[in-house]
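A.B. asks: Contents of coords-v8.txt (compact mmCIF, C-alpha atoms):
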# COMPACT_ATOMS: atom_id res chain seq x y z
CA MET W 13 1.03 -25.08 7.52
CA ALA W 14 -2.34 -23.50 8.22
CA GLY W 15 -2.45 -19.77 8.79
CA THR W 16 -3.93 -17.96 11.73
CA TYR W 17 -6.80 -15.52 11.45
CA THR W 18 -7.26 -13.06 14.30
CA TYR W 19 -8.64 -9.57 14.70
CA ASP W 20 -8.85 -7.35 17.77
CA PRO W 21 -10.85 -4.13 17.15
CA GLY W 22 -9.28 -2.62 20.27
CA MET W 23 -5.89 -2.60 18.53
CA VAL W 24 -7.00 -0.61 15.45
CA SER W 25 -5.42 2.59 16.80
CA GLU W 26 -1.94 1.02 16.51
CA PHE W 27 -0.20 0.51 13.18
CA GLY W 28 -0.16 -3.28 13.06
CA LYS W 29 -2.01 -6.34 11.81
CA ASP W 30 -5.38 -5.37 13.26
CA ARG W 31 -5.34 -1.88 11.78
CA MET W 32 -4.36 -3.31 8.40
CA ARG W 33 -7.28 -5.76 8.58
CA PHE W 34 -9.57 -2.85 9.49
CA GLU W 35 -8.36 -0.65 6.61
CA LEU W 36 -8.70 -3.52 4.11
CA GLY W 37 -12.14 -4.54 5.38
CA ASP W 38 -10.91 -8.05 6.13
CA THR W 39 -12.23 -8.31 9.68
CA MET W 40 -14.51 -11.37 9.64
CA THR W 41 -11.97 -13.81 11.06
CA GLU W 42 -14.39 -16.13 12.87
CA GLY W 43 -14.55 -18.54 9.92
CA GLY W 44 -10.79 -18.64 9.37
CA ALA W 45 -9.77 -19.08 5.74
CA ASP W 46 -13.42 -19.40 4.67
CA THR W 47 -14.31 -15.83 5.68
CA THR W 48 -10.95 -14.07 5.80
CA ALA W 49 -8.96 -13.01 2.74
CA LEU W 50 -5.54 -12.74 4.39
CA SER W 51 -3.85 -14.72 7.12
CA ASP W 52 -2.06 -13.02 10.00
CA GLU W 53 1.22 -14.30 8.55
CA GLU W 54 0.59 -12.63 5.18
CA ILE W 55 -0.16 -9.31 6.83
CA SER W 56 2.90 -9.62 9.07
CA ALA W 57 5.08 -10.43 6.04
CA ALA W 58 3.93 -7.26 4.27
CA LEU W 59 4.51 -5.16 7.37
CA THR W 60 7.99 -6.68 7.70
CA ALA W 61 8.79 -6.11 4.02
CA TYR W 62 8.26 -2.35 4.46
CA PRO W 63 8.76 -1.77 8.20
CA ASN W 64 8.72 2.02 8.02
CA ASN W 65 6.25 2.49 5.19
CA TRP W 66 2.63 1.65 6.04
CA LYS W 67 1.31 2.63 2.63
CA ARG W 68 3.79 0.40 0.77
CA SER W 69 2.79 -2.56 2.97
CA LYS W 70 -0.87 -1.83 2.31
CA LEU W 71 -0.20 -1.51 -1.41
CA MET W 72 1.50 -4.92 -1.39
CA LEU W 73 -1.51 -6.51 0.32
CA LEU W 74 -4.04 -4.78 -1.92
CA GLU W 75 -2.23 -6.10 -4.98
CA THR W 76 -2.28 -9.67 -3.72
CA LEU W 77 -5.95 -9.36 -2.75
CA TYR W 78 -7.24 -8.08 -6.05
CA ARG W 79 -5.08 -10.48 -8.06
CA ARG W 80 -6.07 -13.51 -5.95
CA PHE W 81 -9.80 -12.84 -5.95
CA SER W 82 -10.20 -11.52 -9.49
CA TYR W 83 -10.23 -15.18 -10.61
CA GLU W 84 -13.22 -16.06 -8.46
CA VAL W 85 -16.36 -16.94 -10.40
CA ASP W 86 -19.95 -16.04 -9.66
CA THR W 87 -21.91 -18.98 -8.33
CA LYS W 88 -25.66 -19.25 -8.60
CA THR W 89 -27.78 -22.12 -7.37
CA GLY W 90 -31.47 -21.37 -7.63
CA PRO W 91 -32.18 -18.11 -5.78
CA LEU W 92 -28.80 -18.22 -3.98
CA ALA W 93 -25.95 -16.28 -5.63
CA PHE W 94 -22.36 -15.64 -4.56
CA SER W 95 -20.52 -12.79 -6.24
CA SER W 96 -19.13 -10.86 -3.29
CA MET W 97 -15.45 -11.79 -3.79
CA ILE W 98 -15.44 -10.50 -7.35
CA GLU W 99 -16.99 -7.23 -6.16
CA ARG W 100 -14.50 -6.99 -3.30
CA ALA W 101 -11.65 -7.67 -5.75
CA LYS W 102 -12.84 -4.74 -7.87
CA LEU W 103 -12.93 -2.47 -4.82
CA TRP W 104 -9.47 -3.62 -3.73
CA LYS W 105 -8.13 -2.96 -7.24
CA GLU W 106 -9.59 0.56 -7.22
CA GLU W 107 -8.05 1.22 -3.82
CA TYR W 108 -4.75 -0.26 -5.05
CA GLU W 109 -4.67 2.05 -8.10
CA SER W 110 -5.51 5.08 -5.97
CA LEU W 111 -2.84 4.29 -3.36
CA LYS W 112 -0.28 3.53 -6.07
CA LYS W 113 -0.86 6.97 -7.61
CA GLU W 114 -0.54 8.62 -4.21
CA ILE W 115 2.73 6.83 -3.43
CA LYS W 116 4.13 7.57 -6.89
CA ALA W 117 3.24 11.27 -6.63
CA LYS W 118 4.87 11.49 -3.23
CA ALA W 119 8.01 9.70 -4.47
CA ILE W 120 8.64 12.15 -7.32
CA SER W 121 7.88 15.32 -5.42
CA VAL W 122 10.88 17.26 -4.14
CA PRO W 123 10.62 18.09 -0.46
CA LYS W 124 11.08 21.73 0.47
CA LEU W 125 13.66 22.62 3.04
CA GLY W 126 12.89 25.14 5.73
CA ASN W 127 15.67 27.59 4.84
CA GLU W 128 15.64 27.53 1.01
CA GLU W 129 15.54 31.31 0.78
CA GLN W 130 18.98 31.59 2.42
CA ARG W 131 20.75 29.08 0.17
CA PRO W 132 22.16 29.92 -3.25
CA PRO W 133 20.74 27.93 -6.14
CA TYR W 134 22.36 24.56 -6.73
CA PHE W 135 22.72 25.24 -10.46
CA TYR W 136 23.76 28.65 -11.68
CA LYS W 137 24.69 30.34 -14.92
CA GLY W 138 28.33 29.75 -15.81
CA MET W 139 28.91 26.93 -13.34
CA MET W 140 30.52 24.79 -16.04
CA ARG W 141 32.76 27.56 -17.31
CA ASN W 142 36.47 26.63 -17.33
CA ASP W 143 39.03 29.42 -17.74
CA GLY W 144 41.90 26.90 -18.15
CA ARG W 145 43.59 27.48 -14.81
CA ILE W 146 44.62 24.62 -12.59
CA ASP W 147 44.51 25.49 -8.90
For this file, produce the structure as structure tokens.
C.D. replies:
Amino acid sequence: MAGTYTYDPGMVSEFGKDRMRFELGDTMTEGGADTTALSDEEISAALTAYPNNWKRSKLMLLETLYRRFSYEVDTKTGPLAFSSMIERAKLWKEEYESLKKEIKAKAISVPKLGNEEQRPPYFYKGMMRNDGRID
């Protein structure tokens, strides 16, 4: 089954396929699979895989992009040379690594609650002390 390749710049303000294409720089859809790195179905699958986490969906797509296009070879015929996909793959990998670090840092940080000053500490000295009584 052939994929579809569409892009509507007017929809970039909404978190959906068109915004993802915009953020990834994959907006030249006129040539279909020849000019576009991802199909609409691939983008939709990533957005469905992480419906409430835009950055995770983007991370998934960046990983597939840099892995897929890192195998492309430079082609040179006379004065004509094609090396743009390899360069794009490098940029996507850099963006992938950066986003991965950001997501990882956010995942291990402990969120602060608004009223922490009023709560006693969760752990306290002597909390494991047992005086032998059974209540």
A.B. asks: Between atom CA of W:Leu73 and atom CA of W:Ala58, what distance in Å does the model show, to one decimal?
C.D. replies: 6.8 Å
A.B. asks: With distances taken over all atoms listed in the file, which of W:Tyr83, W:Glu107, W:Ala45, W:Gly28 is nearest to W:Ala57?
C.D. replies: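 Checking each of W:Tyr83, W:Glu107, W:Ala45, W:Gly28 against W:Ala57, counting all atoms listed in the file, the winner is W:Gly28.
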A.B. asks: If you count all atoms listed in the file, which residues fall within 10 Å of W:Phe81, apart from same-chain ones fewer than 5 positions away, as a VMD selection string?
C.D. replies: chain W and resid 49 76 96 to 102 104
A.B. asks: Calculate how many Å separate atom CA of W:Asn64 from atom CA of W:Phe27, rounding to one decimal.
C.D. replies: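 Computed distance, atom CA of W:Asn64 to atom CA of W:Phe27, equals 10.4 Å.
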A.B. asks: Contacts of W:Glu53 at 9 Å or less, counting all atoms listed in the file, minus same-chain residues fewer than 5 places along, as a list in words?
C.D. replies: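 Surrounding residues, per the criterion: Gly15, Thr16, Tyr17 and Ala58 of chain W.
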A.B. asks: Rounded to one decimal in Å, what is the spacing between atom CA of W:Thr47 and atom CA of W:Ser25?
C.D. replies: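 One can read the atom CA of W:Thr47 to atom CA of W:Ser25 distance as 23.3 Å.
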A.B. asks: Nearest residue to W:Tyr78 out of W:Lys118, W:Gly44, W:Ala61, W:Leu36, using all atoms listed in the file?
C.D. replies: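 Closest to W:Tyr78 of all the choices is W:Leu36.
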A.B. asks: Nearest to W:Lys29: which of W:Thr41, W:Thr48, W:Ser56, W:Asn65 is it, counting only C-alpha atoms?
C.D. replies: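 Nearest to W:Lys29: W:Ser56.
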A.B. asks: Near W:Arg68, within 12 Å and counting all atoms listed in the file, which residues show up once chain neighbours fewer than 2 positions away are dropped, as a PyMOL selection string?
C.D. replies: chain W and resi 32+58-66+70-75+108+111-116+118-119
A.B. asks: With distances taken over only C-alpha atoms, which of W:Met40, W:Leu50, W:Leu77, W:Ile120 is nearest to W:Asp20?
C.D. replies: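 Of the candidates, the smallest distance to W:Asp20 is held by W:Met40.
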A.B. asks: W:Gly43, W:Ser82, W:Tyr19, W:Gly144: which is nearest W:Ile55, counting all atoms listed in the file?
C.D. replies: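 The closest residue to W:Ile55 is W:Tyr19.
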A.B. asks: From the block you just saw, export stretch 25-48 of chain W: N, CA, C and O atoms, as a PDB file, in the first residue's frame.
C.D. replies:
ATOM      1  N   SER W  25      -0.217  25.465  13.520  1.00  0.00           N
ATOM      2  CA  SER W  25      -0.483  25.911  14.890  1.00  0.00           C
ATOM      3  C   SER W  25      -1.124  24.821  15.750  1.00  0.00           C
ATOM      4  O   SER W  25      -1.110  24.899  16.971  1.00  0.00           O
ATOM      5  N   GLU W  26      -1.659  23.780  15.132  1.00  0.00           N
ATOM      6  CA  GLU W  26      -2.277  22.675  15.870  1.00  0.00           C
ATOM      7  C   GLU W  26      -1.295  21.520  15.988  1.00  0.00           C
ATOM      8  O   GLU W  26      -0.539  21.237  15.072  1.00  0.00           O
ATOM      9  N   PHE W  27      -1.328  20.838  17.128  1.00  0.00           N
ATOM     10  CA  PHE W  27      -0.443  19.695  17.338  1.00  0.00           C
ATOM     11  C   PHE W  27      -0.991  18.500  16.570  1.00  0.00           C
ATOM     12  O   PHE W  27      -1.864  17.787  17.050  1.00  0.00           O
ATOM     13  N   GLY W  28      -0.477  18.298  15.377  1.00  0.00           N
ATOM     14  CA  GLY W  28      -0.907  17.204  14.512  1.00  0.00           C
ATOM     15  C   GLY W  28       0.147  16.932  13.462  1.00  0.00           C
ATOM     16  O   GLY W  28       1.297  17.366  13.572  1.00  0.00           O
ATOM     17  N   LYS W  29      -0.244  16.223  12.431  1.00  0.00           N
ATOM     18  CA  LYS W  29       0.664  15.788  11.375  1.00  0.00           C
ATOM     19  C   LYS W  29       1.415  16.950  10.727  1.00  0.00           C
ATOM     20  O   LYS W  29       2.626  16.885  10.534  1.00  0.00           O
ATOM     21  N   ASP W  30       0.697  18.024  10.422  1.00  0.00           N
ATOM     22  CA  ASP W  30       1.329  19.143   9.723  1.00  0.00           C
ATOM     23  C   ASP W  30       2.368  19.854  10.589  1.00  0.00           C
ATOM     24  O   ASP W  30       3.427  20.239  10.104  1.00  0.00           O
ATOM     25  N   ARG W  31       2.074  20.002  11.855  1.00  0.00           N
ATOM     26  CA  ARG W  31       3.058  20.619  12.756  1.00  0.00           C
ATOM     27  C   ARG W  31       4.286  19.722  12.894  1.00  0.00           C
ATOM     28  O   ARG W  31       5.417  20.204  12.936  1.00  0.00           O
ATOM     29  N   MET W  32       4.054  18.405  12.968  1.00  0.00           N
ATOM     30  CA  MET W  32       5.188  17.490  13.085  1.00  0.00           C
ATOM     31  C   MET W  32       6.058  17.585  11.830  1.00  0.00           C
ATOM     32  O   MET W  32       7.284  17.647  11.932  1.00  0.00           O
ATOM     33  N   ARG W  33       5.433  17.617  10.654  1.00  0.00           N
ATOM     34  CA  ARG W  33       6.205  17.789   9.418  1.00  0.00           C
ATOM     35  C   ARG W  33       7.027  19.078   9.472  1.00  0.00           C
ATOM     36  O   ARG W  33       8.184  19.110   9.093  1.00  0.00           O
ATOM     37  N   PHE W  34       6.384  20.156   9.935  1.00  0.00           N
ATOM     38  CA  PHE W  34       7.049  21.455  10.029  1.00  0.00           C
ATOM     39  C   PHE W  34       8.251  21.376  10.962  1.00  0.00           C
ATOM     40  O   PHE W  34       9.342  21.822  10.621  1.00  0.00           O
ATOM     41  N   GLU W  35       8.075  20.801  12.152  1.00  0.00           N
ATOM     42  CA  GLU W  35       9.165  20.728  13.120  1.00  0.00           C
ATOM     43  C   GLU W  35      10.314  19.837  12.645  1.00  0.00           C
ATOM     44  O   GLU W  35      11.469  20.077  12.987  1.00  0.00           O
ATOM     45  N   LEU W  36       9.992  18.814  11.859  1.00  0.00           N
ATOM     46  CA  LEU W  36      11.028  17.912  11.343  1.00  0.00           C
ATOM     47  C   LEU W  36      11.659  18.418  10.048  1.00  0.00           C
ATOM     48  O   LEU W  36      12.655  17.868   9.583  1.00  0.00           O
ATOM     49  N   GLY W  37      11.076  19.444   9.447  1.00  0.00           N
ATOM     50  CA  GLY W  37      11.595  19.963   8.188  1.00  0.00           C
ATOM     51  C   GLY W  37      11.285  19.057   7.010  1.00  0.00           C
ATOM     52  O   GLY W  37      12.010  19.033   6.025  1.00  0.00           O
ATOM     53  N   ASP W  38      10.208  18.322   7.104  1.00  0.00           N
ATOM     54  CA  ASP W  38       9.824  17.358   6.077  1.00  0.00           C
ATOM     55  C   ASP W  38       8.567  17.850   5.366  1.00  0.00           C
ATOM     56  O   ASP W  38       7.537  17.194   5.361  1.00  0.00           O
ATOM     57  N   THR W  39       8.668  19.032   4.759  1.00  0.00           N
ATOM     58  CA  THR W  39       7.480  19.696   4.225  1.00  0.00           C
ATOM     59  C   THR W  39       7.358  19.667   2.705  1.00  0.00           C
ATOM     60  O   THR W  39       6.354  20.119   2.177  1.00  0.00           O
ATOM     61  N   MET W  40       8.329  19.151   2.001  1.00  0.00           N
ATOM     62  CA  MET W  40       8.258  19.118   0.530  1.00  0.00           C
ATOM     63  C   MET W  40       7.520  17.859   0.094  1.00  0.00           C
ATOM     64  O   MET W  40       8.122  16.855  -0.278  1.00  0.00           O
ATOM     65  N   THR W  41       6.198  17.898   0.138  1.00  0.00           N
ATOM     66  CA  THR W  41       5.391  16.718  -0.137  1.00  0.00           C
ATOM     67  C   THR W  41       4.949  16.590  -1.589  1.00  0.00           C
ATOM     68  O   THR W  41       4.343  15.590  -1.958  1.00  0.00           O
ATOM     69  N   GLU W  42       5.257  17.588  -2.410  1.00  0.00           N
ATOM     70  CA  GLU W  42       4.790  17.585  -3.792  1.00  0.00           C
ATOM     71  C   GLU W  42       5.260  16.363  -4.574  1.00  0.00           C
ATOM     72  O   GLU W  42       4.561  15.859  -5.439  1.00  0.00           O
ATOM     73  N   GLY W  43       6.446  15.877  -4.279  1.00  0.00           N
ATOM     74  CA  GLY W  43       7.006  14.732  -5.003  1.00  0.00           C
ATOM     75  C   GLY W  43       6.707  13.400  -4.362  1.00  0.00           C
ATOM     76  O   GLY W  43       7.286  12.386  -4.741  1.00  0.00           O
ATOM     77  N   GLY W  44       5.848  13.385  -3.358  1.00  0.00           N
ATOM     78  CA  GLY W  44       5.510  12.127  -2.685  1.00  0.00           C
ATOM     79  C   GLY W  44       6.716  11.511  -2.005  1.00  0.00           C
ATOM     80  O   GLY W  44       7.502  12.192  -1.358  1.00  0.00           O
ATOM     81  N   ALA W  45       6.883  10.213  -2.181  1.00  0.00           N
ATOM     82  CA  ALA W  45       7.973   9.482  -1.523  1.00  0.00           C
ATOM     83  C   ALA W  45       9.357   9.899  -2.014  1.00  0.00           C
ATOM     84  O   ALA W  45      10.350   9.676  -1.326  1.00  0.00           O
ATOM     85  N   ASP W  46       9.426  10.539  -3.181  1.00  0.00           N
ATOM     86  CA  ASP W  46      10.726  10.970  -3.708  1.00  0.00           C
ATOM     87  C   ASP W  46      11.266  12.193  -2.983  1.00  0.00           C
ATOM     88  O   ASP W  46      12.485  12.397  -2.938  1.00  0.00           O
ATOM     89  N   THR W  47      10.395  13.028  -2.439  1.00  0.00           N
ATOM     90  CA  THR W  47      10.851  14.263  -1.779  1.00  0.00           C
ATOM     91  C   THR W  47      10.504  14.319  -0.301  1.00  0.00           C
ATOM     92  O   THR W  47      10.933  15.230   0.396  1.00  0.00           O
ATOM     93  N   THR W  48       9.726  13.367   0.178  1.00  0.00           N
ATOM     94  CA  THR W  48       9.256  13.396   1.561  1.00  0.00           C
ATOM     95  C   THR W  48       9.837  12.210   2.316  1.00  0.00           C
ATOM     96  O   THR W  48       9.818  11.084   1.826  1.00  0.00           O
TER      97      THR W  48
END
